[in-house]
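Below is run-v7.cif, holding mmCIF, C-alpha atoms.
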data_run
loop_
_atom_site.label_atom_id
_atom_site.label_comp_id
_atom_site.auth_asym_id
_atom_site.auth_seq_id
_atom_site.Cartn_x
_atom_site.Cartn_y
_atom_site.Cartn_z
CA MET A 229 -13.66 -46.59 61.68
CA CYS A 230 -13.86 -42.98 62.74
CA ALA A 231 -12.20 -40.08 61.01
CA THR A 232 -10.24 -39.16 64.18
CA CYS A 233 -8.79 -42.60 64.93
CA PHE A 234 -5.64 -42.06 62.87
CA PRO A 235 -3.56 -38.92 62.33
CA PRO A 236 -3.65 -37.41 58.84
CA PRO A 237 -0.83 -38.49 56.49
CA GLU A 238 2.23 -36.32 56.17
CA PRO A 239 2.06 -34.04 53.10
CA VAL A 240 4.24 -35.17 50.20
CA ALA A 241 6.54 -32.52 48.81
CA LYS A 242 6.10 -31.95 45.09
CA THR A 243 8.82 -30.89 42.74
CA VAL A 244 7.66 -28.27 40.23
CA THR A 245 9.62 -27.97 37.04
CA ALA A 246 9.26 -24.70 35.14
CA THR A 247 8.96 -24.99 31.39
CA VAL A 248 11.21 -22.59 29.55
CA ARG A 249 9.92 -21.55 26.10
CA THR A 250 12.64 -21.13 23.53
CA PRO A 251 12.00 -18.21 21.20
CA ARG A 252 11.45 -19.40 17.63
CA MET A 253 13.77 -17.97 14.97
CA THR A 254 12.45 -17.11 11.55
CA THR A 255 13.98 -15.43 8.54
CA SER A 256 12.59 -12.24 7.06
CA LEU A 257 12.14 -11.63 3.34
CA ARG A 258 15.52 -9.92 3.41
CA GLY A 259 17.21 -13.02 4.84
CA THR A 260 17.70 -11.49 8.32
CA PRO A 261 16.98 -13.84 11.27
CA THR A 262 14.24 -12.47 13.51
CA ARG A 263 12.90 -13.66 16.88
CA THR A 264 9.28 -14.74 17.01
CA SER A 265 7.38 -15.27 20.24
CA SER A 266 6.10 -18.83 20.76
CA ARG A 267 3.28 -17.60 22.97
CA PRO A 268 -0.15 -17.98 21.33
CA PRO A 269 -2.06 -14.73 20.66
CA ALA A 270 -4.37 -13.46 23.36
CA ARG A 271 -8.01 -14.46 23.02
CA VAL A 272 -10.76 -12.07 24.03
CA PRO A 273 -13.43 -13.89 26.06
CA GLY A 274 -16.70 -14.27 24.20
CA THR A 275 -15.20 -14.07 20.73
CA ARG A 276 -14.60 -16.75 18.14
CA ALA A 277 -11.13 -17.92 17.20
CA ALA A 278 -8.96 -15.18 15.75
CA ALA A 279 -8.43 -17.15 12.53
CA THR A 280 -12.14 -16.87 11.81
CA PHE A 281 -11.80 -13.11 11.43
CA THR A 282 -8.94 -13.08 8.96
CA PRO A 283 -10.00 -10.35 6.51
CA VAL A 284 -11.40 -11.60 3.21
CA ASP A 285 -9.49 -10.13 0.28
CA PRO A 286 -11.90 -8.92 -2.46
CA LYS A 287 -9.10 -9.47 -4.98
CA THR A 288 -9.12 -13.23 -4.40
CA VAL A 289 -12.85 -13.90 -3.99
CA ARG A 290 -14.34 -15.29 -7.21
CA ILE A 291 -17.97 -14.78 -8.24
CA TYR A 292 -19.89 -16.45 -11.07
CA HIS A 293 -22.62 -15.43 -13.52
CA VAL A 294 -24.50 -18.26 -15.25
CA THR A 295 -25.99 -17.91 -18.72
CA HIS A 296 -26.86 -20.11 -21.69
CA VAL A 297 -24.43 -20.22 -24.61
CA GLU A 298 -27.19 -18.87 -26.90
CA ASN A 299 -27.08 -15.58 -24.97
CA LEU A 300 -23.44 -14.83 -25.73
CA ALA A 301 -24.00 -12.92 -28.97
CA SER A 302 -26.16 -10.29 -27.25
CA ILE A 303 -23.75 -10.04 -24.30
CA PHE A 304 -20.68 -9.68 -26.52
CA GLY A 305 -22.51 -7.24 -28.76
CA ALA A 306 -23.29 -5.03 -25.75
CA GLY A 307 -19.73 -5.37 -24.46
CA ALA A 308 -21.12 -6.17 -21.02
CA ILE A 309 -23.35 -8.46 -19.00
CA LEU A 310 -26.46 -6.33 -18.56
CA ALA A 311 -28.94 -6.27 -15.70
CA ASP A 312 -32.58 -7.12 -16.39
CA THR A 313 -33.74 -3.49 -16.27
CA THR A 314 -30.67 -2.23 -18.16
CA GLY A 315 -31.64 -4.04 -21.34
CA ALA A 316 -30.73 -7.70 -21.01
CA GLU A 317 -32.65 -9.73 -23.60
CA PRO A 318 -31.62 -13.38 -23.27
CA GLU A 319 -32.41 -15.75 -26.12
CA VAL A 320 -32.66 -18.52 -23.54
CA ASP A 321 -33.91 -17.28 -20.18
CA VAL A 322 -32.63 -19.35 -17.27
CA SER A 323 -34.83 -17.50 -14.74
CA ALA A 324 -38.45 -18.40 -14.10
CA PRO A 325 -40.87 -15.59 -15.08
CA ALA A 326 -42.24 -15.37 -11.52
CA ALA A 327 -38.73 -15.11 -10.06
CA ARG A 328 -37.82 -12.37 -12.53
CA GLU A 329 -40.97 -10.38 -11.68
CA PHE A 330 -40.26 -10.72 -7.97
CA ARG A 331 -36.75 -9.31 -8.41
CA ARG A 332 -38.23 -6.31 -10.23
CA SER A 333 -39.98 -5.28 -7.01
CA ALA A 334 -37.53 -6.46 -4.32
CA PRO A 335 -35.75 -3.37 -2.93
CA VAL A 336 -32.06 -2.87 -2.31
CA GLU A 337 -32.08 -0.98 0.98
CA GLY A 338 -30.22 2.31 1.19
CA THR A 339 -30.90 2.97 -2.50
CA ASP A 340 -33.78 3.60 -4.89
CA ASN A 341 -32.88 0.41 -6.76
CA VAL A 342 -34.51 -2.98 -7.02
CA VAL A 343 -32.70 -6.30 -7.37
CA ALA A 344 -33.48 -6.45 -11.10
CA ASP A 345 -31.27 -3.36 -11.54
CA TYR A 346 -28.28 -5.60 -10.81
CA VAL A 347 -26.38 -8.35 -12.57
CA PRO A 348 -26.53 -11.40 -10.25
CA PHE A 349 -23.44 -13.44 -9.42
CA LEU A 350 -23.23 -16.65 -7.44
CA LEU A 351 -20.79 -16.80 -4.54
CA SER A 352 -19.87 -20.43 -5.12
CA THR A 353 -19.82 -23.11 -7.80
CA ASP A 354 -21.79 -25.15 -5.28
CA ALA A 355 -24.65 -22.64 -5.17
CA HIS A 356 -28.02 -24.36 -4.80
CA VAL A 357 -29.57 -22.87 -7.94
CA TRP A 358 -26.57 -23.88 -10.09
CA GLU A 359 -26.57 -27.35 -8.56
CA ALA A 360 -30.27 -27.68 -9.42
CA LEU A 361 -29.49 -26.79 -13.02
CA ARG A 362 -26.52 -29.20 -13.15
CA THR A 363 -28.58 -32.09 -11.82
CA GLY A 364 -31.75 -31.30 -13.76
CA SER A 365 -33.71 -30.76 -10.54
CA PRO A 366 -36.85 -28.58 -10.45
CA ASP A 367 -36.29 -25.21 -8.78
CA PRO A 368 -38.80 -22.34 -8.50
CA ARG A 369 -36.09 -19.87 -9.50
CA LEU A 370 -35.39 -21.63 -12.79
CA ALA A 371 -37.42 -21.55 -15.99
CA ALA A 372 -39.38 -24.75 -16.58
CA SER A 373 -37.19 -25.64 -19.55
CA ALA A 374 -33.91 -24.91 -17.75
CA ALA A 375 -33.68 -28.24 -15.95
CA SER A 376 -34.13 -30.09 -19.23
CA ARG A 377 -31.12 -28.41 -20.85
CA PRO A 378 -27.64 -29.91 -20.36
CA ALA A 379 -25.54 -27.99 -17.87
CA SER A 380 -22.71 -28.01 -20.41
CA ASP A 381 -24.81 -25.81 -22.71
CA HIS A 382 -24.27 -23.01 -20.19
CA VAL A 383 -21.22 -20.90 -19.44
CA LEU A 384 -19.92 -19.23 -16.30
CA PHE A 385 -18.54 -15.69 -16.44
CA VAL A 386 -15.92 -15.62 -13.69
CA THR A 387 -14.64 -12.45 -12.08
CA SER A 388 -13.51 -11.21 -8.66
CA ILE A 389 -15.28 -8.91 -6.26
CA GLU A 390 -12.48 -6.37 -6.65
CA LYS A 391 -12.92 -6.38 -10.43
CA ALA A 392 -16.68 -6.11 -10.10
CA VAL A 393 -16.69 -3.06 -7.83
CA GLY A 394 -13.73 -1.28 -9.45
CA ALA A 395 -13.28 2.26 -8.18
CA ARG A 396 -16.89 2.66 -7.07
CA THR A 397 -16.35 1.89 -3.39
CA GLU A 398 -17.66 5.31 -2.36
CA GLN A 399 -20.91 4.85 -4.30
CA VAL A 400 -23.68 3.32 -2.21
CA GLY A 401 -25.50 0.75 -4.27
CA ALA A 402 -22.76 0.22 -6.88
CA VAL A 403 -22.68 -3.35 -5.59
CA ALA A 404 -24.68 -5.25 -3.00
CA ILE A 405 -24.53 -8.64 -1.33
CA THR A 406 -26.85 -11.06 0.41
CA GLY A 407 -26.10 -14.30 2.21
CA SER A 408 -29.58 -15.71 1.64
CA ASP A 409 -32.02 -16.16 -1.21
CA VAL A 410 -33.63 -12.85 -2.14
CA ALA A 411 -36.99 -14.60 -2.40
CA ALA A 412 -36.68 -15.66 1.25
CA THR A 413 -35.74 -12.23 2.63
CA GLY A 414 -37.71 -10.02 0.22
CA SER A 415 -34.89 -7.47 -0.02
CA VAL A 416 -31.14 -6.92 0.00
CA VAL A 417 -29.72 -5.03 2.98
CA ASP A 418 -25.97 -4.55 2.43
CA SER A 419 -25.33 -1.99 -0.31
CA SER A 420 -22.55 0.28 1.01
CA TRP A 421 -18.98 -0.91 0.49
CA PRO A 422 -18.13 -1.19 4.23
CA ASP A 423 -21.33 -3.19 4.80
CA VAL A 424 -20.60 -5.35 1.76
CA LEU A 425 -17.14 -6.17 3.14
CA ARG A 426 -18.56 -7.02 6.57
CA ALA A 427 -21.22 -9.23 5.00
CA LEU A 428 -18.58 -10.91 2.86
CA GLN A 429 -16.57 -11.67 5.99
CA ARG A 430 -19.64 -13.02 7.75
CA ILE A 431 -20.61 -15.23 4.80
CA HIS A 432 -17.13 -16.71 4.49
CA SER A 433 -16.97 -17.29 8.26
CA ASP A 434 -20.15 -19.34 8.18
CA ASP A 435 -19.12 -22.77 9.52
CA ASP A 436 -21.32 -24.88 7.25
CA GLY A 437 -20.97 -22.71 4.13
CA ALA A 438 -24.75 -22.36 3.82
CA GLN A 439 -24.61 -18.66 2.96
CA LEU A 440 -22.10 -19.24 0.18
CA ALA A 441 -24.56 -21.69 -1.35
CA THR A 442 -27.57 -19.37 -1.13
CA GLY A 443 -26.15 -15.84 -1.37
CA GLU A 444 -25.60 -13.50 -4.30
CA PHE A 445 -23.27 -10.67 -5.20
CA LEU A 446 -25.03 -7.96 -7.20
CA VAL A 447 -23.42 -5.50 -9.65
CA HIS A 448 -25.45 -2.44 -10.56
CA ASP A 449 -26.42 -1.91 -14.23
CA ALA A 450 -23.75 -3.96 -15.97
CA LEU A 451 -20.42 -5.72 -15.75
CA PRO A 452 -18.15 -4.69 -18.68
CA LEU A 453 -16.45 -7.61 -20.39
CA GLU A 454 -13.01 -6.20 -19.61
CA ARG A 455 -13.77 -6.94 -15.96
CA VAL A 456 -14.35 -10.63 -16.69
CA LEU A 457 -11.38 -12.82 -15.72
CA LEU A 458 -12.45 -15.78 -17.80
CA ILE A 459 -15.38 -17.67 -19.28
CA ALA A 460 -15.59 -21.23 -17.95
CA VAL A 461 -17.12 -23.92 -20.17
CA GLY A 462 -17.77 -27.62 -19.75
CA ASN A 463 -16.18 -29.10 -22.88
CA ASP A 464 -14.13 -28.41 -26.01
CA ARG A 465 -17.22 -28.13 -28.22
CA VAL A 466 -18.64 -25.22 -26.24
CA ARG A 467 -15.16 -23.65 -25.91
CA ASP A 468 -14.82 -23.56 -29.71
CA ARG A 469 -18.29 -22.11 -30.04
CA VAL A 470 -17.56 -19.38 -27.47
CA ARG A 471 -14.28 -18.50 -29.17
CA ALA A 472 -16.03 -18.24 -32.55
CA VAL A 473 -18.50 -15.71 -31.13
CA LEU A 474 -15.67 -13.81 -29.42
CA ASP A 475 -13.81 -13.60 -32.75
CA THR A 476 -16.94 -12.22 -34.40
CA PHE A 477 -16.83 -9.27 -32.02
CA ASP A 478 -13.01 -9.09 -31.99
CA LEU A 479 -12.87 -9.86 -28.28
CA ARG A 480 -10.05 -11.65 -26.47
CA THR A 481 -11.65 -12.84 -23.23
CA ARG A 482 -10.01 -16.00 -21.91
CA VAL A 483 -12.02 -19.24 -22.23
CA ALA A 484 -11.22 -22.17 -19.92
CA VAL A 485 -12.54 -25.74 -20.15
CA HIS A 486 -13.31 -27.01 -16.66
CA PRO A 487 -15.76 -29.93 -16.62
CA PRO A 488 -16.13 -30.16 -12.80
CA TYR A 489 -17.92 -26.80 -12.78
CA PHE A 490 -20.66 -28.41 -14.85
CA GLN A 491 -20.98 -31.66 -12.93
CA PRO A 492 -22.76 -32.30 -9.62
CA GLY A 493 -20.47 -31.22 -6.79
CA GLY A 494 -18.76 -28.35 -8.60
CA GLY A 495 -15.06 -27.58 -8.63
CA ALA A 496 -12.54 -24.78 -8.90
CA VAL A 497 -10.40 -23.29 -11.60
CA GLU A 498 -7.50 -20.85 -11.39
CA ALA A 499 -7.68 -17.58 -13.31
#
Once you've parsed the file, please lay out its structure as structure tokens.
Amino acid sequence: MCATCFPPPEPVAKTVTATVRTPRMTTSLRGTPTRTSSRPPARVPGTRAAATFTPVDPKTVRIYHVTHVENLASIFGAGAILADTTGAEPEVDVSAPAAREFRRSAPVEGTDNVVADYVPFLLSTDAHVWEALRTGSPDPRLAASAASRPASDHVLFVTSIEKAVGARTEQVGAVAITGSDVAATGSVVDSSWPDVLRALQRIHSDDDGAQLATGEFLVHDALPLERVLLIAVGNDRVRDRVRAVLDTFDLRTRVAVHPPYFQPGGGAVEA
């Protein structure tokens, strides 16, 4: 059959129905109805979804410092968690000697500081180094004896990024952040507050959460105990021990028992 043997079919008229969007009504905090557009927000080509870039609030982001319960007397006596080079003298050192020496030479860019001038905080209770300690797995960052100690013999000092930085946002190097293991990068780049905030946003926008598990938040010199939100422990026995040491120094830091923090897989606790 040839294409010209039959005339083309008559076009079929189509009926187009316009969809009318009804404005959505919401109520303001004052109880006044307001009209809200139902049209989705504009998307700029080449960018990720707008929800990805919701600003991270430093007030709500928790960070965690791990130490052995035997180290509490020296911390409470100093009234602060001290950095390595500021005078920290742990009775039970969680860090491997080689890792500690490396941090004493790893620079924090934009400053004259090294990483050992800072108190290290984990960005997640699922951080790799803490998971290694919880599961008793060998890790080059941990002291040889660390994996043999029960995770419940450790405590977590919990604070927020806002508490950690305080009013020092204009001081370059007061805090710093990295989304990867310092040993892998050899240095820490983000040490000004605007850069720290951008890095924090980037780390929390990471789809697989890898940077939360490997990164660190660093606080220069020391973190005073009054900036600690709570001390998390794994059981009642350690809670009572921590409270006894707090009473010795007439301190009133909150102590919270939260076993999931000390078990493989981690957990969360509200301040």
With the cut-off set at 12 Å and counting all atoms listed in the file, tabulate each residue of range 308-423 of chain A with an atom at most that distance from an atom of range 467-474 of chain A, showing the nearest atom pair and its distance in Å to one decimal, ordered by chain and increasing number, as a tab-separated table.
residue	atom	partner	partner_atom	distance
A:Ser380	CA	A:Arg467	CA	10.3
A:Asp381	CA	A:Arg467	CA	10.4
A:His382	CA	A:Val470	CA	10.5
A:Val383	CA	A:Val470	CA	9.0
A:Leu384	CA	A:Val470	CA	11.4
A:Phe385	CA	A:Val470	CA	11.7
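Among A:Ala438, A:Val466, A:Ala404, A:Leu453, the residue with the shortest atom-to-atom distance to Asp423 in chain A, counting only C-alpha atoms, is A:Ala404.
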Using the chain letters and numbering of this document, enumerate as number ranges by chain the residues selected by the PyMOL selection byres ((chain A and resi 357-364) around 7). A: 354-356, 365-367, 374-376, 379, 490-492
Dump C-alpha atoms for the selected residues as a PDB file, keeping the file's coordinate frame?
ATOM      1  CA  ASP A 354     -21.790 -25.150  -5.280  1.00  0.00           C
ATOM      2  CA  ALA A 355     -24.650 -22.640  -5.170  1.00  0.00           C
ATOM      3  CA  HIS A 356     -28.020 -24.360  -4.800  1.00  0.00           C
ATOM      4  CA  SER A 365     -33.710 -30.760 -10.540  1.00  0.00           C
ATOM      5  CA  PRO A 366     -36.850 -28.580 -10.450  1.00  0.00           C
ATOM      6  CA  ASP A 367     -36.290 -25.210  -8.780  1.00  0.00           C
ATOM      7  CA  ALA A 374     -33.910 -24.910 -17.750  1.00  0.00           C
ATOM      8  CA  ALA A 375     -33.680 -28.240 -15.950  1.00  0.00           C
ATOM      9  CA  SER A 376     -34.130 -30.090 -19.230  1.00  0.00           C
ATOM     10  CA  ALA A 379     -25.540 -27.990 -17.870  1.00  0.00           C
ATOM     11  CA  PHE A 490     -20.660 -28.410 -14.850  1.00  0.00           C
ATOM     12  CA  GLN A 491     -20.980 -31.660 -12.930  1.00  0.00           C
ATOM     13  CA  PRO A 492     -22.760 -32.300  -9.620  1.00  0.00           C
TER      14      PRO A 492
END
Counting only C-alpha atoms, write as a ChimeraX atom specification all protein and nucleic acid residues lying at most 12 Å from (-29.5, 0.0, -19.8) in the file's frame. /A:306,308-317,344-347,448-451
Could you state which residues are captured by the PyMOL selection byres ((chain A and resi 321-326) around 7) in this file, as a PyMOL selection string? chain A and resi 295+318-320+327-330+368-372+374
So, with all atoms listed in the file as the atoms that count, which of A:Val424, A:Asn341, A:Asp409, A:Gly307 lies closest to Asp478 in chain A?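 Closest to Asp478 in chain A, using all atoms listed in the file: A:Gly307.
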Point out the residue among A:Ser302, A:Val284, A:Thr397, A:Glu337 with the least atom-to-atom distance to Ser433 in chain A, counting only C-alpha atoms.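 Of all the options, A:Val284 lies closest to Ser433 in chain A.
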Kindly give the distance, in Å, that separates CA of Val417 in chain A and CA of Gly338 in chain A, rounded to a single decimal.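 Separation of CA of Val417 in chain A and CA of Gly338 in chain A: 7.6 Å.
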Tell me, as a list in words, which residues lie within 8 Å of His486 in chain A, counting all atoms listed in the file; anything in the same chain fewer than 5 positions away does not count.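 The filter keeps Ala460, Val461, Gly462, Asn463 and Val497 of chain A.
Atom pair CA of Val297 in chain A / CA of Val393 in chain A has a distance of 25.2 Å (rounded to one decimal).
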Please indicate the distance in Å from CA of Ile291 in chain A to CA of Arg331 in chain A, rounded to one decimal place.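 Distance reported for this atom pair: 19.6 Å.
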List the residues selected by the PyMOL selection byres ((chain A and resi 421) around 10) in the file shown, writing them as a list in words.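 That selection, the PyMOL selection byres ((chain A and resi 421) around 10), comes back as Val393, Arg396, Thr397, Glu398, Gln399, Val400, Gly401, Ala402, Val403, Ala404, Ile405, Asp418, Ser419, Ser420, Pro422, Asp423, Val424, Leu425, Arg426 and Ala427 of chain A.
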Distance criterion (all atoms listed in the file): nearest to Leu457 in chain A out of A:Leu351, A:Asp285, A:Tyr292, A:Ala395: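 Smallest separation from Leu457 in chain A among the options: A:Tyr292.
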Ranking A:Pro452, A:Pro378, A:Gly407, A:Gly443 by minimum distance to Thr481 in chain A and counting all atoms listed in the file, which one comes first?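 Looking only at the distances to Thr481 in chain A, the closest residue turns out to be A:Pro452.
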For range 479-489 of chain A, I'd like the enclosing box, axis-aligned and padded by 3 Å on every side, reported as AutoDock Vina command-line options with centre and edge lengths in Å to one decimal.
--center_x -14.0 --center_y -20.0 --center_z -20.5 --size_x 13.9 --size_y 26.3 --size_z 21.5
